[in-house]
file query-v5.cif (mmCIF, C-alpha atoms)
data_data
loop_
_atom_site.label_atom_id
_atom_site.label_comp_id
_atom_site.auth_asym_id
_atom_site.auth_seq_id
_atom_site.Cartn_x
_atom_site.Cartn_y
_atom_site.Cartn_z
CA MET A 1 -24.44 -8.67 8.04
CA LYS A 2 -26.17 -11.50 6.17
CA LEU A 3 -24.50 -13.13 3.20
CA LEU A 4 -25.18 -11.02 0.15
CA THR A 5 -26.57 -12.80 -2.89
CA PRO A 6 -24.59 -12.63 -6.16
CA LEU A 7 -27.38 -10.50 -7.65
CA LEU A 8 -27.21 -7.98 -4.82
CA LEU A 9 -23.42 -7.87 -5.07
CA LEU A 10 -23.80 -7.19 -8.77
CA LEU A 11 -26.29 -4.38 -8.22
CA LEU A 12 -24.12 -2.77 -5.53
CA ALA A 13 -20.96 -3.00 -7.62
CA PHE A 14 -22.62 -1.41 -10.63
CA ALA A 15 -24.27 1.37 -8.62
CA PRO A 16 -22.74 4.80 -9.27
CA ALA A 17 -20.20 6.05 -6.74
CA ARG A 18 -21.73 8.51 -4.32
CA ASP A 19 -20.43 11.03 -1.85
CA ASP A 20 -22.04 9.33 1.14
CA SER A 21 -21.95 11.49 4.27
CA SER A 22 -22.55 8.41 6.44
CA TYR A 23 -19.01 7.33 5.56
CA LYS A 24 -17.49 10.55 6.86
CA ASP A 25 -17.65 9.40 10.47
CA ASP A 26 -14.74 7.92 12.41
CA LEU A 27 -15.31 4.37 11.18
CA PRO A 28 -13.68 2.37 8.38
CA VAL A 29 -15.72 1.25 5.37
CA ASP A 30 -16.05 -2.17 6.98
CA ARG A 31 -18.63 -1.56 9.69
CA GLN A 32 -17.84 -4.99 11.13
CA ALA A 33 -14.09 -4.43 11.29
CA THR A 34 -12.38 -6.19 14.18
CA LYS A 35 -11.63 -4.21 17.32
CA GLU A 36 -7.92 -4.09 16.48
CA THR A 37 -8.62 -2.94 12.92
CA LEU A 38 -10.92 -0.18 14.15
CA ASN A 39 -8.31 0.89 16.69
CA LEU A 40 -5.62 1.01 14.01
CA TYR A 41 -7.85 3.11 11.76
CA ARG A 42 -8.52 5.66 14.48
CA ASN A 43 -4.95 5.71 15.78
CA LEU A 44 -3.51 6.25 12.31
CA LYS A 45 -5.52 9.46 12.20
CA LYS A 46 -4.42 10.54 15.66
CA LEU A 47 -0.76 9.77 15.02
CA MET A 48 -0.60 12.23 12.12
CA LYS A 49 -0.50 15.00 14.72
CA LYS A 50 2.87 13.68 15.90
CA GLY A 51 4.52 12.92 12.60
CA ILE A 52 4.91 10.72 9.54
CA MET A 53 5.60 7.00 9.81
CA PHE A 54 8.40 5.66 7.64
CA GLY A 55 7.92 2.37 5.82
CA HIS A 56 9.93 -0.01 3.65
CA GLN A 57 8.88 -2.81 1.30
CA ASP A 58 10.10 -6.33 2.21
CA ASP A 59 12.24 -4.84 4.96
CA LEU A 60 12.57 -8.04 7.01
CA ALA A 61 12.90 -10.50 4.12
CA TYR A 62 16.08 -9.36 2.41
CA GLY A 63 18.37 -6.43 1.74
CA VAL A 64 21.58 -5.58 -0.07
CA GLY A 65 23.83 -8.62 0.28
CA TRP A 66 21.58 -10.73 2.56
CA LYS A 67 18.38 -12.77 2.69
CA TYR A 68 16.32 -14.19 5.55
CA GLU A 69 18.62 -13.35 8.43
CA ALA A 70 16.55 -13.31 11.59
CA GLY A 71 16.01 -9.83 12.95
CA ARG A 72 17.90 -8.13 10.15
CA SER A 73 16.78 -5.04 8.24
CA ASP A 74 18.71 -2.56 6.09
CA VAL A 75 16.87 0.24 7.89
CA LYS A 76 17.92 -1.19 11.26
CA ASP A 77 21.52 -1.68 10.08
CA VAL A 78 21.72 2.05 9.31
CA THR A 79 19.61 3.63 12.08
CA GLY A 80 19.49 1.05 14.84
CA ASP A 81 15.70 0.97 14.50
CA TYR A 82 13.15 -0.77 12.30
CA PRO A 83 10.68 1.10 10.09
CA ALA A 84 7.20 1.75 11.43
CA VAL A 85 5.42 0.43 8.32
CA TYR A 86 6.27 -2.78 6.47
CA GLY A 87 5.11 -3.54 2.95
CA PHE A 88 4.73 -7.04 1.55
CA GLU A 89 3.56 -8.33 -1.84
CA LEU A 90 0.82 -10.88 -2.59
CA GLY A 91 1.56 -11.43 -6.28
CA HIS A 92 1.28 -15.14 -7.22
CA LEU A 93 -0.86 -15.94 -4.18
CA GLU A 94 -3.72 -16.05 -6.65
CA ILE A 95 -2.16 -18.96 -8.58
CA ASP A 96 -1.47 -21.05 -5.47
CA ALA A 97 2.28 -20.48 -5.59
CA GLN A 98 4.37 -21.08 -2.48
CA ILE A 99 6.49 -17.97 -3.07
CA ASN A 100 5.52 -14.52 -4.30
CA LEU A 101 6.74 -12.81 -7.45
CA ASP A 102 9.70 -11.34 -5.52
CA SER A 103 10.72 -14.82 -4.30
CA VAL A 104 9.44 -14.40 -0.73
CA PRO A 105 7.82 -17.60 0.59
CA PHE A 106 4.29 -16.89 1.76
CA ASN A 107 4.80 -18.87 4.95
CA LYS A 108 7.78 -16.67 5.86
CA MET A 109 5.74 -13.59 4.99
CA LYS A 110 3.15 -14.67 7.54
CA GLU A 111 5.90 -14.98 10.14
CA PHE A 112 7.19 -11.49 9.32
CA ILE A 113 3.69 -10.02 9.55
CA ARG A 114 3.11 -11.60 12.95
CA GLU A 115 6.49 -10.28 14.13
CA VAL A 116 5.63 -6.77 12.96
CA TYR A 117 2.24 -6.85 14.66
CA GLU A 118 3.57 -8.09 17.98
CA ARG A 119 5.98 -5.16 18.23
CA GLY A 120 3.35 -2.64 17.16
CA GLY A 121 4.28 -1.97 13.56
CA VAL A 122 1.90 -1.50 10.62
CA VAL A 123 1.57 -3.89 7.64
CA THR A 124 0.48 -2.96 4.13
CA LEU A 125 -0.05 -5.50 1.33
CA SER A 126 0.15 -4.78 -2.38
CA TRP A 127 -1.03 -7.22 -5.05
CA HIS A 128 0.56 -7.42 -8.52
CA LEU A 129 -1.85 -10.17 -9.50
CA ASN A 130 -1.44 -11.98 -12.80
CA ASN A 131 -3.59 -11.11 -15.77
CA PRO A 132 -6.62 -13.42 -15.36
CA LEU A 133 -7.44 -13.18 -19.06
CA THR A 134 -4.02 -14.14 -20.49
CA GLY A 135 -2.39 -15.92 -17.57
CA LYS A 136 0.66 -13.69 -17.87
CA SER A 137 1.97 -11.10 -15.39
CA ALA A 138 0.34 -7.95 -14.03
CA TRP A 139 2.29 -6.02 -16.66
CA ASP A 140 0.54 -7.83 -19.50
CA ALA A 141 -1.65 -4.81 -20.10
CA VAL A 142 -4.36 -6.17 -22.35
CA PRO A 143 -7.61 -4.23 -22.86
CA GLY A 144 -10.70 -6.12 -21.80
CA THR A 145 -9.16 -7.83 -18.79
CA VAL A 146 -11.10 -5.82 -16.22
CA ALA A 147 -14.36 -6.39 -18.09
CA SER A 148 -13.65 -10.13 -18.11
CA ILE A 149 -13.57 -10.42 -14.31
CA LEU A 150 -16.58 -8.26 -13.51
CA PRO A 151 -19.71 -10.18 -12.43
CA THR A 152 -20.89 -10.18 -16.06
CA GLY A 153 -17.55 -11.41 -17.43
CA ASP A 154 -16.47 -14.94 -18.29
CA LYS A 155 -13.47 -14.82 -15.93
CA ASN A 156 -15.41 -13.78 -12.85
CA ASP A 157 -15.44 -17.34 -11.44
CA LYS A 158 -11.66 -17.43 -11.78
CA TYR A 159 -11.36 -14.07 -10.05
CA GLN A 160 -13.54 -15.33 -7.19
CA VAL A 161 -11.11 -18.22 -6.68
CA TRP A 162 -8.24 -15.74 -6.55
CA LEU A 163 -10.09 -13.64 -3.99
CA ASN A 164 -10.77 -16.79 -1.98
CA ASN A 165 -7.01 -17.39 -1.83
CA LEU A 166 -6.48 -13.83 -0.61
CA ALA A 167 -9.24 -14.13 1.98
CA GLU A 168 -7.75 -17.37 3.29
CA PHE A 169 -4.31 -15.77 3.57
CA VAL A 170 -5.35 -12.65 5.48
CA SER A 171 -7.72 -14.66 7.68
CA ASP A 172 -4.76 -16.78 8.79
CA LEU A 173 -2.85 -13.73 10.05
CA LYS A 174 -3.38 -13.87 13.79
CA GLY A 175 -1.70 -12.49 16.88
CA SER A 176 -0.65 -14.38 19.99
CA LYS A 177 -4.18 -14.29 21.41
CA GLY A 178 -5.80 -15.51 18.21
CA GLU A 179 -6.93 -12.04 17.12
CA LEU A 180 -6.84 -11.14 13.44
CA ILE A 181 -3.96 -8.86 12.46
CA PRO A 182 -5.12 -5.62 10.78
CA ILE A 183 -3.78 -5.05 7.27
CA ILE A 184 -3.75 -2.06 4.92
CA PHE A 185 -4.72 -3.67 1.62
CA ARG A 186 -3.58 -1.76 -1.48
CA PRO A 187 -4.94 -3.41 -4.62
CA TYR A 188 -4.91 -2.02 -8.16
CA HIS A 189 -2.33 0.64 -7.35
CA GLU A 190 -1.10 3.29 -9.80
CA LEU A 191 -4.49 2.95 -11.44
CA ASN A 192 -4.16 6.08 -13.58
CA GLY A 193 -1.09 4.67 -15.33
CA SER A 194 -1.25 2.11 -18.10
CA TRP A 195 1.54 -0.34 -17.28
CA PHE A 196 -0.79 -2.77 -15.45
CA TRP A 197 -3.79 -4.55 -16.94
CA TRP A 198 -6.13 -2.51 -14.69
CA GLY A 199 -4.66 0.79 -15.94
CA LYS A 200 -6.53 3.68 -17.50
CA ASN A 201 -5.94 2.76 -21.16
CA HIS A 202 -7.29 -0.75 -20.66
CA CYS A 203 -10.65 -0.14 -18.96
CA THR A 204 -13.18 2.63 -18.53
CA PRO A 205 -13.52 4.55 -15.26
CA GLU A 206 -16.86 2.80 -14.74
CA GLN A 207 -15.30 -0.64 -15.21
CA PHE A 208 -12.54 0.14 -12.75
CA THR A 209 -14.89 1.41 -10.06
CA GLN A 210 -17.11 -1.65 -10.56
CA LEU A 211 -14.08 -3.90 -10.09
CA TRP A 212 -13.03 -2.08 -6.93
CA LYS A 213 -16.48 -2.11 -5.38
CA TRP A 214 -17.16 -5.72 -6.25
CA THR A 215 -13.78 -6.74 -4.75
CA VAL A 216 -14.52 -4.97 -1.45
CA LEU A 217 -18.05 -6.35 -1.29
CA TYR A 218 -16.90 -9.88 -2.01
CA LEU A 219 -14.10 -9.87 0.57
CA ARG A 220 -16.10 -8.08 3.24
CA ASP A 221 -19.63 -9.37 2.80
CA THR A 222 -19.24 -12.78 1.16
CA LYS A 223 -15.93 -13.98 2.62
CA HIS A 224 -16.42 -12.08 5.89
CA VAL A 225 -12.90 -10.66 5.93
CA HIS A 226 -12.94 -7.93 8.58
CA ASN A 227 -9.26 -7.10 9.19
CA LEU A 228 -8.63 -4.97 6.11
CA LEU A 229 -8.37 -1.23 5.56
CA TYR A 230 -8.65 -0.38 1.86
CA ALA A 231 -6.11 1.97 0.24
CA TYR A 232 -6.81 3.68 -3.08
CA ASN A 233 -3.77 5.13 -4.81
CA THR A 234 -2.81 6.68 -8.10
CA ASP A 235 0.54 7.38 -9.67
CA ARG A 236 1.44 11.01 -10.49
CA PHE A 237 -1.63 13.07 -11.30
CA ALA A 238 -2.30 16.54 -12.69
CA ASN A 239 -5.20 17.65 -10.49
CA LYS A 240 -7.99 16.48 -8.19
CA ASP A 241 -10.27 15.66 -11.11
CA GLU A 242 -7.76 13.18 -12.48
CA TYR A 243 -7.18 11.74 -9.02
CA LEU A 244 -10.91 11.12 -8.54
CA GLU A 245 -11.71 9.96 -12.08
CA ARG A 246 -11.70 6.31 -10.99
CA TYR A 247 -12.54 6.80 -7.34
CA PRO A 248 -15.14 4.19 -6.29
CA GLY A 249 -16.77 6.30 -3.58
CA ASP A 250 -16.27 7.11 0.08
CA GLU A 251 -18.03 3.93 1.17
CA PHE A 252 -15.30 1.78 -0.40
CA VAL A 253 -12.03 3.52 0.56
CA ASP A 254 -10.24 4.13 3.87
CA ILE A 255 -6.89 5.54 2.74
CA LEU A 256 -6.09 7.96 -0.07
CA GLY A 257 -2.60 7.41 -1.42
CA LEU A 258 -0.11 8.43 -4.05
CA ASP A 259 2.90 6.70 -5.63
CA ILE A 260 5.78 8.81 -6.93
CA TYR A 261 9.33 8.05 -8.06
CA GLN A 262 12.16 10.38 -8.94
CA ARG A 263 13.65 9.43 -12.30
CA GLY A 264 16.11 12.18 -13.18
CA ASN A 265 19.30 13.27 -11.44
CA GLY A 266 20.69 16.67 -10.50
CA ALA A 267 19.46 19.90 -8.98
CA ASP A 268 16.66 20.50 -11.50
CA ALA A 269 15.28 16.98 -11.08
CA ASN A 270 15.43 17.35 -7.30
CA ALA A 271 13.57 20.66 -7.40
CA GLN A 272 10.93 19.23 -9.72
CA PHE A 273 10.40 16.25 -7.42
CA VAL A 274 9.93 18.52 -4.40
CA SER A 275 7.49 20.67 -6.34
CA ASP A 276 5.52 17.70 -7.64
CA ILE A 277 5.27 15.92 -4.33
CA ASN A 278 4.22 19.13 -2.55
CA ARG A 279 1.45 19.77 -5.04
CA MET A 280 0.11 16.24 -5.13
CA LEU A 281 0.27 15.65 -1.38
CA SER A 282 -1.57 18.92 -0.87
CA ASP A 283 -4.37 17.64 -3.10
CA VAL A 284 -4.48 14.26 -1.36
CA GLU A 285 -4.55 15.96 2.04
CA SER A 286 -7.33 18.27 0.97
CA LEU A 287 -9.42 15.40 -0.37
CA SER A 288 -8.74 13.35 2.76
CA THR A 289 -9.95 16.19 4.96
CA GLU A 290 -13.05 16.62 2.81
CA LYS A 291 -13.83 12.90 2.86
CA ASN A 292 -12.47 12.07 6.33
CA LYS A 293 -9.92 9.61 4.96
CA ILE A 294 -6.30 8.85 5.85
CA PRO A 295 -3.73 10.40 3.48
CA ALA A 296 -0.47 8.59 2.72
CA LEU A 297 2.49 8.43 0.36
CA THR A 298 1.81 4.79 -0.44
CA GLU A 299 4.97 4.19 -2.47
CA PHE A 300 8.03 6.27 -3.36
CA GLY A 301 11.57 5.80 -4.49
CA TYR A 302 14.77 7.01 -6.13
CA ASN A 303 16.74 4.00 -7.32
CA SER A 304 20.26 3.76 -5.83
CA ILE A 305 19.83 7.29 -4.43
CA PRO A 306 22.81 8.92 -6.18
CA ASP A 307 22.35 12.17 -4.24
CA ASN A 308 23.90 11.65 -0.80
CA SER A 309 21.75 14.39 0.77
CA TRP A 310 18.49 13.34 -0.90
CA TRP A 311 16.73 12.27 2.30
CA THR A 312 16.93 15.63 4.05
CA ASN A 313 17.28 18.02 1.12
CA VAL A 314 14.73 16.47 -1.24
CA LEU A 315 12.34 13.94 0.30
CA TRP A 316 12.00 15.58 3.70
CA LYS A 317 11.83 18.98 2.05
CA GLY A 318 8.89 17.71 0.02
CA ILE A 319 6.91 16.01 2.79
CA GLN A 320 7.75 17.87 6.01
CA SER A 321 4.94 20.40 5.79
CA HIS A 322 2.31 17.75 5.12
CA LYS A 323 0.05 15.92 7.51
CA ILE A 324 0.09 12.38 6.18
CA SER A 325 0.07 8.99 7.87
CA TYR A 326 3.05 7.26 6.31
CA VAL A 327 5.52 7.00 3.44
CA LEU A 328 6.61 3.65 2.00
CA GLY A 329 10.00 3.29 0.32
CA TRP A 330 10.30 0.55 -2.27
CA ARG A 331 12.31 -2.65 -1.87
CA ASN A 332 16.06 -3.28 -1.70
CA ALA A 333 16.41 -6.00 -4.33
CA GLY A 334 20.20 -5.96 -3.97
CA PHE A 335 22.97 -6.81 -6.42
CA LYS A 336 22.15 -7.47 -10.05
CA LYS A 337 24.14 -9.76 -12.33
CA ASN A 338 25.83 -6.70 -13.86
CA GLY A 339 27.11 -5.64 -10.44
CA GLN A 340 24.75 -2.69 -10.03
CA VAL A 341 22.78 -2.38 -6.79
CA ASP A 342 19.00 -2.02 -6.88
CA TYR A 343 17.81 -0.32 -3.69
CA TYR A 344 15.51 2.48 -2.53
CA VAL A 345 16.40 2.79 1.16
CA PRO A 346 20.04 2.98 2.28
CA TYR A 347 21.96 -0.05 3.41
CA LYS A 348 24.94 0.26 5.73
CA ASP A 349 27.56 1.16 3.09
CA ALA A 350 25.32 3.31 0.89
CA GLY A 351 26.40 6.86 0.12
CA SER A 352 23.22 8.39 1.52
CA ALA A 353 23.28 6.36 4.76
CA ALA A 354 24.57 9.24 6.89
CA ASP A 355 21.90 11.56 5.55
CA PHE A 356 19.26 8.89 6.19
CA VAL A 357 20.33 8.91 9.85
CA LYS A 358 19.67 12.67 9.87
CA PHE A 359 16.26 11.97 8.33
CA TYR A 360 15.65 9.37 11.03
CA SER A 361 16.59 11.91 13.71
CA GLU A 362 14.00 14.43 12.57
CA PRO A 363 11.44 14.73 15.41
CA ARG A 364 8.50 14.17 13.05
CA THR A 365 9.78 11.05 11.29
CA LEU A 366 8.37 8.03 13.11
CA PHE A 367 10.03 4.61 13.15
CA GLN A 368 9.33 1.41 15.07
CA LYS A 369 10.44 2.63 18.50
CA ASP A 370 8.18 5.64 18.13
CA VAL A 371 5.05 3.74 17.13
CA SER A 372 5.54 0.86 19.57
CA LYS A 373 4.86 3.37 22.32
CA GLU A 374 1.60 4.40 20.67
CA LYS A 375 -0.05 0.96 20.95
CA LEU A 376 -1.86 1.42 17.66
CA TYR A 377 -4.05 -1.67 18.07
CA LYS A 378 -5.44 -0.78 21.50
#
call {"tool": "encode", "arguments": {"input": "query-v5.cif", "output": "structure tokens"}}
result
Amino acid sequence: MKLLTPLLLLLLAFAPARDDSSYKDDLPVDRQATKETLNLYRNLKKLMKKGIMFGHQDDLAYGVGWKYEAGRSDVKDVTGDYPAVYGFELGHLEIDAQINLDSVPFNKMKEFIREVYERGGVVTLSWHLNNPLTGKSAWDAVPGTVASILPTGDKNDKYQVWLNNLAEFVSDLKGSKGELIPIIFRPYHELNGSWFWWGKNHCTPEQFTQLWKWTVLYLRDTKHVHNLLYAYNTDRFANKDEYLERYPGDEFVDILGLDIYQRGNGADANAQFVSDINRMLSDVESLSTEKNKIPALTEFGYNSIPDNSWWTNVLWKGIQSHKISYVLGWRNAGFKKNGQVDYYVPYKDAGSAADFVKFYSEPRTLFQKDVSKEKLYK
């Protein structure tokens, strides 16, 4: 594809989202995606027939009581196996920092991603990018920020520089033969909440979809980044209409996702979580079937997991009947100064570790050993 002019990018970004049947084939939204990226896209769909991949954020970087120990993983400590999906975070890449907002050096992150790829795992990248209008964090939820980085805004040049940094990073992710490593890119997540500057109370649906489309067009058609699959995901939602309110269109999304956390404790909270996740995953599955997209539970968690049977009696109960690609548990930040432990997937001495092993042993939960056999990139 020829380099698109800024004017054409602007016109495409501001065009209304459409239900384009040409994007319901078995190809990702990037028609020039690398061979490995195309293979991953197709194999993610096929693998759903066998089960659900389990993922964990920052799994190789640190865990409860350790950091940067070669080959270590809290998931592996408990089960003897690595997760199938590995999440990493790009926040602060945009400001040329050497480490991300969770204190992971970007050069080590590249090493982890290459390691994951070589053994056949899947990588997904989130991006809690700073507020380009105020210079503060992603949680500095100031109205007008999205408008400021659209092609007509006065911070668009700054946003282009940030996207250049991202393009350079993902274009440097290469396998042993020099091939680009496919990545599931998950920007602007939990978009129907209002805790981030791109949230629903801080921009209109039209502004959000313009931002999404312009971002994809710039990375794909201006920077020629062709190793990304694009994941759209909300937080909890009431119905399909809410889920799709800010949907940019089939031609800009590969994966339909959902983030959900359990906040309360006890039997009633457990039952409500199962009910909620069943309902919302059913909607995401239905929309994915309709649009020929890949459904996923893009982020979930229950901090410190106080229920020792939560993995089999709550989470698995909520997801087992669903045909989704993967679930991604949030990070194990470890011990806080007050002595409490911040974690979302069991470590070796955690109360729910034994139940997590039962979850691991379910035939339809897929971890690294399972997916390595599938050769997802070939």
call {"tool": "residues_around", "arguments": {"input": "query-v5.cif", "residues": "A:Trp195", "least_positions_apart": "2", "cutoff": "7 Å", "atoms": "only C-alpha atoms", "output": "list in words"}}
result
Trp139, Ala141, Gly193, Trp197 and Gly199 of chain A
call {"tool": "residues_around", "arguments": {"input": "query-v5.cif", "residues": "stretch 306-317 of chain A", "least_positions_apart": "5", "cutoff": "12 Å", "atoms": "all atoms listed in the file", "output": "ChimeraX atom specification"}}
result
/A:51-52,54,260-278,297,300-301,322,327-329,341-346,349-365
call {"tool": "resolve_selection", "arguments": {"input": "query-v5.cif", "expression": "the PyMOL selection byres ((chain A and resi 281-296) around 6)", "output": "ChimeraX atom specification"}}
result
/A:24,254-257,277-280,297-298,324-326
call {"tool": "resolve_selection", "arguments": {"input": "query-v5.cif", "expression": "the PyMOL selection byres ((chain A and resi 96) around 12)", "output": "ChimeraX atom specification"}}
result
/A:90-95,97-101,105-106,129-130,161-166,168-169
call {"tool": "closest_residue", "arguments": {"input": "query-v5.cif", "among": "A:Asp77, A:Tyr232, A:Val253, A:Asn156", "to": "A:Gly63", "atoms": "all atoms listed in the file"}}
result
A:Asp77
call {"tool": "closest_residue", "arguments": {"input": "query-v5.cif", "among": "A:Arg31, A:Arg220, A:Arg331, A:Lys378", "to": "A:Gly55", "atoms": "all atoms listed in the file"}}
result
A:Arg331
call {"tool": "atom_distance", "arguments": {"input": "query-v5.cif", "atom1": "atom CA of A:Leu47", "atom2": "atom CA of A:Arg186"}}
result
20.3 Å
call {"tool": "atom_distance", "arguments": {"input": "query-v5.cif", "atom1": "atom CA of A:Tyr159", "atom2": "atom CA of A:Phe208"}}
result
14.5 Å
call {"tool": "atom_distance", "arguments": {"input": "query-v5.cif", "atom1": "atom CA of A:Ser171", "atom2": "atom CA of A:Lys223"}}
result
9.7 Å
call {"tool": "residues_around", "arguments": {"input": "query-v5.cif", "residues": "A:Ser148", "least_positions_apart": "6", "cutoff": "12 Å", "atoms": "all atoms listed in the file", "output": "PyMOL selection string"}}
result
chain A and resi 131-134+142+154-159+197-198+202-203+207-208+210-211
call {"tool": "closest_residue", "arguments": {"input": "query-v5.cif", "among": "A:Glu89, A:Glu299, A:Glu251, A:Asp235", "to": "A:Leu217", "atoms": "all atoms listed in the file"}}
result
A:Glu251
call {"tool": "resolve_selection", "arguments": {"input": "query-v5.cif", "expression": "the PyMOL selection byres ((chain A and resi 110-116) around 9)", "output": "MDAnalysis selection string"}}
result
chainID A and resid 60:61 84:86 88 105:109 117:123 169:170 172:176 181
call {"tool": "residues_around", "arguments": {"input": "query-v5.cif", "residues": "A:Lys35", "least_positions_apart": "5", "cutoff": "9 Å", "atoms": "only C-alpha atoms", "output": "JSON, numbers by chain"}}
result
{"A": [40, 227, 377, 378]}
call {"tool": "residues_near_point", "arguments": {"input": "query-v5.cif", "point": "(-6.2, -0.8, -8.2)", "cutoff": "10 Å", "atoms": "all atoms listed in the file", "output": "list in words"}}
result
Ser126, Trp127, His128, Arg186, Pro187, Tyr188, His189, Glu190, Leu191, Asn192, Phe196, Trp197, Trp198, Gly199, Phe208, Thr209, Leu211, Trp212, Ala231, Tyr232, Asn233, Thr234, Arg246 and Tyr247 of chain A
call {"tool": "closest_residue", "arguments": {"input": "query-v5.cif", "among": "A:Asn332, A:Met48, A:Ala138, A:Val146", "to": "A:Asn201", "atoms": "all atoms listed in the file"}}
result
A:Val146
call {"tool": "closest_residue", "arguments": {"input": "query-v5.cif", "among": "A:His226, A:Lys369, A:Lys337, A:Lys76", "to": "A:Ile184", "atoms": "only C-alpha atoms"}}
result
A:His226
call {"tool": "closest_residue", "arguments": {"input": "query-v5.cif", "among": "A:Thr37, A:Pro28, A:Gly87, A:Gly65", "to": "A:Phe335", "atoms": "only C-alpha atoms"}}
result
A:Gly65
